[in-house]
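Working notes, structure below.
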Amino acid sequence: MDRPSFMRNFTDTLGCTQPEVPDSRTVCVGNRKPPAADPPPYQAFCNNRVISYKYTKWSFLPKNLFEQFQRIANFYFLCVAVLQLAIDSPVSPITSILPLVFVISVTAVKQAYEDWLRHKADNEVNGRKTSVVRNGRIQEIKSHQIMVGDIVRVEIEQELPCDMVLLSTESEDGECYVTTANLDGETNLKLFRSLPDTTVLQDAESLESLEAVVECEQPQADLYKFVGRMKFYKSREKEPEVKSLAAENVLLRGCRLKNTPYVFGVAVYTGKETKMALNSKQKGQKFSSIEKSMNYYLIVMLIWLLFQTSLSTGLKYWSDKQSNAVNAWYYRPVAEFKGDYNINFGLIFTDFLSFLVLFNYIIPISMYVTIEMQKFIGSKYIAWDLEMYDEDYDEPAIANTSDLNEELGQVEYMFTDKTGTLTENDMQFRQCSIAGVRYKEVDGKLEPVNPELHAQEESFKNFLLAMALCHTVHVHKEKTSNSNGNVADRENNYNSSGEQARAATNKDTTQLNGHVIDEPEELDYQASSPDEKALVEAARRYGVTFTGGTQEYLEVLVGGDRIRYQILHVLEFDPTRKCMSIILQTPGGDTLLICKGAESTILERSTSGDKDMTLQHVNEYAMEGLRTLCFGHRKLSSDEYDSFNKQLHDASTALDDRDGKLAVAFGNVEANLHLLGATGVEDRLQDGVPETIQALREAGIKVWVLTGDKQETAVNISHSCSHFKPAMREITCVKQENTEQCGNTLWRITEQMQLDPNQQYALTIDGMSLVYALGDHLDTLREICLKCVAVLCCRMSPLQKAKVVKLVKLSPSKPSTMAIGDGANDVSMIQEAHLGIGIMGKEGRQAVRCSDYAFAKFRFLQKMLLVHGAWYYIRIATTVQYFMYKNLAFITAQLYYAFLSQFSEQTVYDSFFLTFYNITCTSLPIFIYGIMEQHIRPSVLSSNPSLYKENARNNAFSLRNCLYWCLLGVWHSLVFFYGNYFLFHNEASFNRDGEMVGLITYGTMVFTTTVLIVNFKLCLEICYWNWIAVVGMVISIFGYPILTALYGGILWYEVLGGWEFFEVTTMYRILMMSLSSWTSWFLLLGLTVISFLPDYVYKMTLYYFHPSEQQKARIAFRETSKSKWASATEESTYLRV
């Protein structure tokens, strides 16, 4: 295929056509075409530049403005500002333009700073020095200059700059160690291997002679999957030799090279196509319940605004026809002469827009930027909370988003993983069953439970060999000095025929079925699965020590003999098969398959061995809360192995449907097993889990456990962590074989629950039953689950976890859901729930990266929800309603004045007041409130979980509460306007000389009353006063007269050289004159009392006759504090006497 034409590239760039992307990509190693008769087709690949920023210096302004004006409030005020410029506006256009510019600027500065940090990080990564092999020598280039096909050299402790197929390492076996903390958070060493064909190419000259291509799938996000093959060309005439490539042959960008001096690899994915970049895409947007409600109330406000505007426009033309207007000799003739009474659509529309401009300040534009800053700063408190800091991991809590802070106070259903979330994920071997005989670990030794029963020596040895050989554990060995000062490298101390090879120094004692042997010490097992590590360590304690190996062999120490097994194939674990296998060649030349996995898989595929007794022991282990695995093996004949080997080669080198073909091949060989036995591994509960679950239940949160473990193990853990209580009646829906059977079971459960509706129920359902229940009986399952106090789902796949969360999330009541987990298998449910919590556990950091919040221990959930969640919710709910209240209290006066001014579209407030009311006069106290407020002390919230229930269903932002705030705003607007009108309407005067006051003075007094009482109202809502809240309130109250004095005390028209700024001469010394009279101060005092009288009566009625649980808790806390203070004072007085 030739290069695409210029026109095709041009149309692809414009998006007019889609670029042709083949199903797979072909990469020429070293960017050298191989000597093939049919050369690989041309493919264009992206560069290696990392781009995480959103803006450039040219695109920032237009792109940022476009994004910000997608917000309804911002776009609305932009339209109003344009209208004020286009029509004869009753107020200055600056009243809309300045607040809009302020809000847009604050948000833009915040986003520009965040993007600058992203630019800085990108430049550091892209400019990093990297070594590549070009023209037979090593050249140093910048990271962003790497191209697909380049042979890249990476040295120890360096981070890999791209995804590359490993070619060779410093060691002859082609192995290297890396850490993948940047990808999945796992800090243990992971082993990667090159193909044997390229391990000897350890320098630039030899790599230059390599003629090969890599054929692989197009980029995809799965970190643990790679489908590819490598073709080696010897000459043009011969067919290339094809070798399969898997995930263990590919090093990913973001990994760090460890314990290996250097490696060479060929770049296959670069830049935005690396797996790290594909996994760094932003999560889907989530919205809190308050944010959704805010949109509804904003629509209501807009409807109210349109109603006011339409009403005023209609009344204007109605009043113009009344007798008093017709006979108004002082303005009527002039107005008629100018054509003001010639009614037409244009004139009506202009008047409508004028009233719209006059009343538009009811929409609180500054509310959005205030809440955004409150959430951003408030999220930092999570990381700063020392009570959620884990010393073991040295990890503080993390807030990956600030958009959902208040949703932490709204959770009704919690879905939790078991392993690593409720438990420690620290596996310890406890029991096993060998050939139907049950053994138990006692003081580091394996003893039969029944002393009279013993497994045969051969069965015992085969079982321990299976534990020591069937795994993906790697050994990191230290070189040690013996007593003579000589260095002994234990990696070279072996005998392939099984002859005795004792370690020279530092020997440890272990036991093999009663026999004491010696073994070397310095073996550091590295495993991605804690289960595997626990089993290998257990085998070592009992006499079969795994001492390491390469991609070609494994070594074990048995009875003092070091034995080497040649690796033929490793059949990796997958959740569909629920098992893994390894095929080995024994020192005697036999071909042996060892398989381990879930009992449902191994027992089904076993044709010999004590299956009944083993199954009984597995169930007993599960009842004790142990994690179980079964082991089996099979000897393969030469014909059987050859047939499987061919089938496996065809499947592993296929680029299409490789997984399906491999599954068929695996199923053929993992059959006719001889059952060796089973293991029981303990994963103990984390500290504080039962107490936390009980507290959450008291808080009204229903807890569901979703796990992949077998039923008996999961049920046992549910009892031990107080998820299931003795008073609950346990009902089950497990092992359903078809949809009809599942439907009948669910129907019987429904009948049982209807007969005894007052009983508390706990449901257990397994993954197989969920397949039928979620498919054909969705509504019945939902109805049953929602009536249960606790639900346990076992043997689940990751996708099923997400479906169960969605089942509850989409129920008619639309409850708020939260999912918590620690592993990659929990990511789907974490992203599905309204709120996702990640646990920093031992299964990597994928759950942490994809979550909204994360911390190290399950018990921290109590502080996160009951304290921080309750605080955040009350802060945001009050902030939103306070903004609605203060804008209604402020701008409704414009409507009242329209009735007095015969709807003349005249403003009662000066343009200065309209501009700065939300920006300065009332903004700081509510901003501080949204960051600092603690309506109840943390100790009270933690000790009284039931207080959390009062926030459920968005209670603080309910219709009743919103109506209360809105009606209070209307009442205060009536008091502010007509209270001042009552004083002024009879031509009262503030001055000793009797000079009358005018509209500007009247509007100033109304505004002064508004600012004072609106701030006082927030004082009544604040429960937690500290110096910051006090300073903020003082600045707001006293800053208003200072700012107004500066504005009205100077003739800015002269200072600014004739620029008419807010028509400033109309406000000259108005405020100083008004406040110089005692009448003004008595008026302010009287209106304050009148304003708060209904509010005081309402609150006192609730306080004494209908107190909420939160009010009772505050009263109890105050009384306790007073009694403690009185006791301390009395004791202090006694001591002084």
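In the structure tokens, the first chain shown is A, the next is B, and so on; residue numbers restart at 1 for each chain, and ligands run from 1 in the order shown.
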* To do: Please provide the set of residues having any atom within 10 Å of A:Asn668, restricted to only C-alpha atoms, with same-chain residues fewer than 5 positions apart removed, written as a PyMOL selection string.
  => chain A and resi 640+644+647+662-663
May I have the selected residues written with N, CA and C atoms, as an mmCIF file, in the first residue's frame?
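Written file, part35.cif:
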```
data_model
loop_
_atom_site.group_PDB
_atom_site.id
_atom_site.type_symbol
_atom_site.label_atom_id
_atom_site.label_comp_id
_atom_site.auth_asym_id
_atom_site.auth_seq_id
_atom_site.Cartn_x
_atom_site.Cartn_y
_atom_site.Cartn_z
ATOM 1 N N GLU A 640 -0.084 -36.650 22.877
ATOM 2 C CA GLU A 640 -0.985 -35.649 23.439
ATOM 3 C C GLU A 640 -0.316 -34.275 23.505
ATOM 4 N N PHE A 644 -1.339 -30.878 21.349
ATOM 5 C CA PHE A 644 -1.654 -29.630 22.051
ATOM 6 C C PHE A 644 -0.694 -28.517 21.649
ATOM 7 N N GLN A 647 -1.705 -27.076 18.351
ATOM 8 C CA GLN A 647 -2.935 -26.300 18.500
ATOM 9 C C GLN A 647 -2.663 -24.978 19.215
ATOM 10 N N LEU A 662 -7.425 -19.818 22.006
ATOM 11 C CA LEU A 662 -6.652 -20.276 23.158
ATOM 12 C C LEU A 662 -7.536 -20.990 24.163
ATOM 13 N N ALA A 663 -8.755 -20.491 24.357
ATOM 14 C CA ALA A 663 -9.666 -21.124 25.315
ATOM 15 C C ALA A 663 -9.967 -22.566 24.903
#
```
* Write out as a PyMOL selection string the residues lying within 8 Å of A:Ile926, counting only C-alpha atoms and excluding same-chain residues fewer than 3 positions away. => chain A and resi 879+922-923+929-930+1018
* To do: From stretch 820-918 of chain A, collect each residue whose DSSP state is helix (DSSP H, G or I) and return the set as a PyMOL selection string.
  => chain A and resi 824-832+846-850+860-900+911-918
* **Point-to-point distance from atom CA of A:Phe226 to atom CA of A:Thr547, Å rounded to tenths** => 28.7 Å
* To do: Would you list the contacts of A:Arg795 as a list in words, taking every protein, DNA or RNA residue within 10 Å and counting only C-alpha atoms, but skipping same-chain residues closer than 6 positions in sequence?
  => Leu706, Thr707, Gly708, Asp709, Lys710, Gln711, Ala714, Ile765, Asp766, Gly767, Met768, Ser769 and Leu770 of chain A
* Selection: 7 Å around A:Val268, only C-alpha atoms, excl. self and same-chain fewer than 3 positions, as a list in words ->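 Answer for this query is Val27, Val148, Gly149, Asp163, Met164 and Val165 of chain A.
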* To do: From a DSSP pass on the backbone, collect the residues of stretch 59-152 of chain A flagged as strand (DSSP E) and hand them back as a list in words.
  =>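 Those residues are Lys129, Thr130, Ser131, Val132, Val133, Arg134, Arg137, Ile138, Gln139, Glu140, Ile141, Lys142, Ile151 and Val152 of chain A.
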Resulting file, chosen residues, all heavy atoms, as a tab-separated table (two decimals), in the first residue's frame:
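What landed in again.tsv:
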```tsv
chain	number	residue	atom	x	y	z
A	129	LYS	N	16.02	12.88	27.98
A	129	LYS	CA	17.02	12.26	27.10
A	129	LYS	C	16.79	10.75	27.01
A	129	LYS	O	16.57	10.08	28.02
A	129	LYS	CB	18.43	12.54	27.60
A	129	LYS	CG	18.80	14.02	27.65
A	129	LYS	CD	18.78	14.65	26.26
A	129	LYS	CE	19.22	16.11	26.31
A	129	LYS	NZ	19.15	16.76	24.98
A	130	THR	N	16.85	10.24	25.77
A	130	THR	CA	16.61	8.82	25.52
A	130	THR	C	17.62	8.32	24.50
A	130	THR	O	18.02	9.05	23.59
A	130	THR	CB	15.18	8.60	24.97
A	130	THR	OG1	14.24	9.21	25.85
A	130	THR	CG2	14.87	7.12	24.84
A	131	SER	N	18.04	7.06	24.65
A	131	SER	CA	19.01	6.44	23.74
A	131	SER	C	18.31	5.52	22.76
A	131	SER	O	17.46	4.70	23.17
A	131	SER	CB	20.07	5.67	24.52
A	131	SER	OG	20.79	6.52	25.39
A	132	VAL	N	18.65	5.64	21.46
A	132	VAL	CA	18.11	4.75	20.43
A	132	VAL	C	19.26	4.25	19.57
A	132	VAL	O	20.34	4.84	19.52
A	132	VAL	CB	17.08	5.48	19.54
A	132	VAL	CG1	15.87	5.91	20.35
A	132	VAL	CG2	17.70	6.65	18.82
A	133	VAL	N	19.03	3.10	18.90
A	133	VAL	CA	20.02	2.52	18.01
A	133	VAL	C	19.69	2.93	16.58
A	133	VAL	O	18.62	2.57	16.05
A	133	VAL	CB	20.05	0.98	18.14
A	133	VAL	CG1	21.04	0.39	17.14
A	133	VAL	CG2	20.40	0.57	19.56
A	134	ARG	N	20.57	3.69	15.96
A	134	ARG	CA	20.39	4.11	14.57
A	134	ARG	C	21.73	4.03	13.85
A	134	ARG	O	22.75	4.47	14.39
A	134	ARG	CB	19.84	5.54	14.50
A	134	ARG	CG	18.38	5.65	14.97
A	134	ARG	CD	17.87	7.08	14.91
A	134	ARG	NE	16.48	7.16	15.37
A	134	ARG	CZ	15.82	8.30	15.55
A	134	ARG	NH1	16.40	9.46	15.28
A	134	ARG	NH2	14.57	8.28	15.99
A	137	ARG	N	24.80	2.46	15.74
A	137	ARG	CA	25.37	3.04	16.94
A	137	ARG	C	24.27	3.66	17.78
A	137	ARG	O	23.17	3.93	17.30
A	137	ARG	CB	26.44	4.07	16.60
A	137	ARG	CG	25.98	5.21	15.74
A	137	ARG	CD	27.13	6.08	15.24
A	137	ARG	NE	26.66	7.21	14.46
A	137	ARG	CZ	26.33	8.39	14.98
A	137	ARG	NH1	26.42	8.57	16.31
A	137	ARG	NH2	25.92	9.38	14.21
A	138	ILE	N	24.60	3.91	19.02
A	138	ILE	CA	23.63	4.46	19.96
A	138	ILE	C	23.65	5.98	19.87
A	138	ILE	O	24.70	6.61	20.01
A	138	ILE	CB	23.92	3.99	21.40
A	138	ILE	CG1	23.74	2.47	21.48
A	138	ILE	CG2	23.00	4.69	22.39
A	138	ILE	CD1	24.06	1.89	22.84
A	139	GLN	N	22.48	6.57	19.65
A	139	GLN	CA	22.34	8.02	19.58
A	139	GLN	C	21.43	8.49	20.71
A	139	GLN	O	20.52	7.77	21.13
A	139	GLN	CB	21.76	8.45	18.24
A	139	GLN	CG	22.59	8.08	17.04
A	139	GLN	CD	21.95	8.54	15.74
A	139	GLN	OE1	20.94	9.25	15.74
A	139	GLN	NE2	22.55	8.15	14.61
A	140	GLU	N	21.68	9.70	21.18
A	140	GLU	CA	20.86	10.29	22.24
A	140	GLU	C	19.91	11.30	21.63
A	140	GLU	O	20.33	12.24	20.95
A	140	GLU	CB	21.75	10.96	23.29
A	140	GLU	CG	20.99	11.32	24.57
A	140	GLU	CD	21.90	11.82	25.67
A	140	GLU	OE1	22.26	13.02	25.61
A	140	GLU	OE2	22.25	11.04	26.57
A	141	ILE	N	18.62	11.11	21.86
A	141	ILE	CA	17.60	12.01	21.34
A	141	ILE	C	16.64	12.36	22.47
A	141	ILE	O	16.71	11.81	23.57
A	141	ILE	CB	16.81	11.38	20.17
A	141	ILE	CG1	16.08	10.12	20.66
A	141	ILE	CG2	17.73	11.07	19.00
A	141	ILE	CD1	15.15	9.51	19.63
A	142	LYS	N	15.72	13.28	22.20
A	142	LYS	CA	14.67	13.59	23.16
A	142	LYS	C	13.54	12.59	23.04
A	142	LYS	O	13.31	12.01	21.97
A	142	LYS	CB	14.16	15.01	22.94
A	142	LYS	CG	15.17	16.09	23.28
A	142	LYS	CD	14.57	17.48	23.12
A	142	LYS	CE	15.60	18.54	23.54
A	142	LYS	NZ	15.05	19.91	23.40
A	151	ILE	N	14.74	1.09	17.83
A	151	ILE	CA	15.26	0.23	18.90
A	151	ILE	C	15.74	1.15	20.02
A	151	ILE	O	16.65	1.96	19.83
A	151	ILE	CB	16.39	-0.67	18.39
A	151	ILE	CG1	15.87	-1.60	17.30
A	151	ILE	CG2	16.99	-1.47	19.54
A	151	ILE	CD1	16.94	-2.47	16.67
A	152	VAL	N	15.10	1.05	21.18
A	152	VAL	CA	15.33	1.97	22.29
A	152	VAL	C	16.14	1.26	23.36
A	152	VAL	O	15.88	0.09	23.68
A	152	VAL	CB	13.99	2.47	22.87
A	152	VAL	CG1	14.22	3.47	24.00
A	152	VAL	CG2	13.13	3.09	21.78
```
* Within 8 Å of stretch 374-377 of chain A using only C-alpha atoms, minus same-chain residues under 3 positions, as a list of chain:residue names ->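 The filter keeps A:Thr370, A:Ile371, A:Lys380, A:Tyr381, A:Ser402, A:Asp403, A:Asn405, A:Phe927, A:Gly930, A:Ile931.
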Print the selection's residues with N, CA and C atoms to a file, as a compact mmCIF listing (two decimals), in the first residue's frame.
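To be explicit, this is the file written out as selection-v2.txt:
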```txt
# COMPACT_ATOMS: atom_id res chain seq x y z
N THR A 370 -18.41 30.86 43.27
CA THR A 370 -18.26 30.68 44.72
C THR A 370 -18.28 29.21 45.10
N ILE A 371 -19.25 28.47 44.57
CA ILE A 371 -19.36 27.05 44.91
C ILE A 371 -18.17 26.28 44.35
N LYS A 380 -9.47 19.76 49.70
CA LYS A 380 -8.13 19.66 50.28
C LYS A 380 -8.18 19.18 51.74
N TYR A 381 -9.30 19.44 52.41
CA TYR A 381 -9.41 19.02 53.81
C TYR A 381 -9.34 17.50 53.95
N SER A 402 -13.44 17.32 42.99
CA SER A 402 -14.08 18.16 44.01
C SER A 402 -15.55 18.39 43.69
N ASP A 403 -16.03 17.78 42.60
CA ASP A 403 -17.40 18.02 42.16
C ASP A 403 -18.43 17.28 43.00
N ASN A 405 -18.23 16.52 46.48
CA ASN A 405 -18.02 16.59 47.93
C ASN A 405 -19.32 16.41 48.69
N PHE A 927 -18.76 32.65 51.31
CA PHE A 927 -17.63 31.88 50.79
C PHE A 927 -16.89 31.19 51.94
N GLY A 930 -18.93 28.27 53.39
CA GLY A 930 -18.87 27.05 52.60
C GLY A 930 -17.58 26.28 52.74
N ILE A 931 -16.58 26.87 53.39
CA ILE A 931 -15.30 26.20 53.60
C ILE A 931 -15.12 25.76 55.06
```
* Residues at most 9 Å from stretch 1099-1110 of chain A, counting only C-alpha atoms, excluding those fewer than 5 positions away in the same chain, as JSON, numbers by chain? -> {"A": [935, 936, 946, 947, 948, 950, 1094, 1115]}
* Between atom CA of A:Asp656 and atom CA of A:Ala247, distance in Å (one decimal) -> 16.4 Å
* Asked: Using only C-alpha atoms, which residues sit within 12 Å of A:Ser433 once same-chain residues fewer than 4 positions away are excluded, as a PyMOL selection string?
  -> chain A and resi 437-441+446-450+453-455+459-460+463-464+609-621+628-631+675-681
* To do: Using only C-alpha atoms, pick whichever of A:Ser813, A:Gln831, A:Pro22, A:Val475 has the shortest atom-to-atom distance to A:Ala527.
  => A:Val475
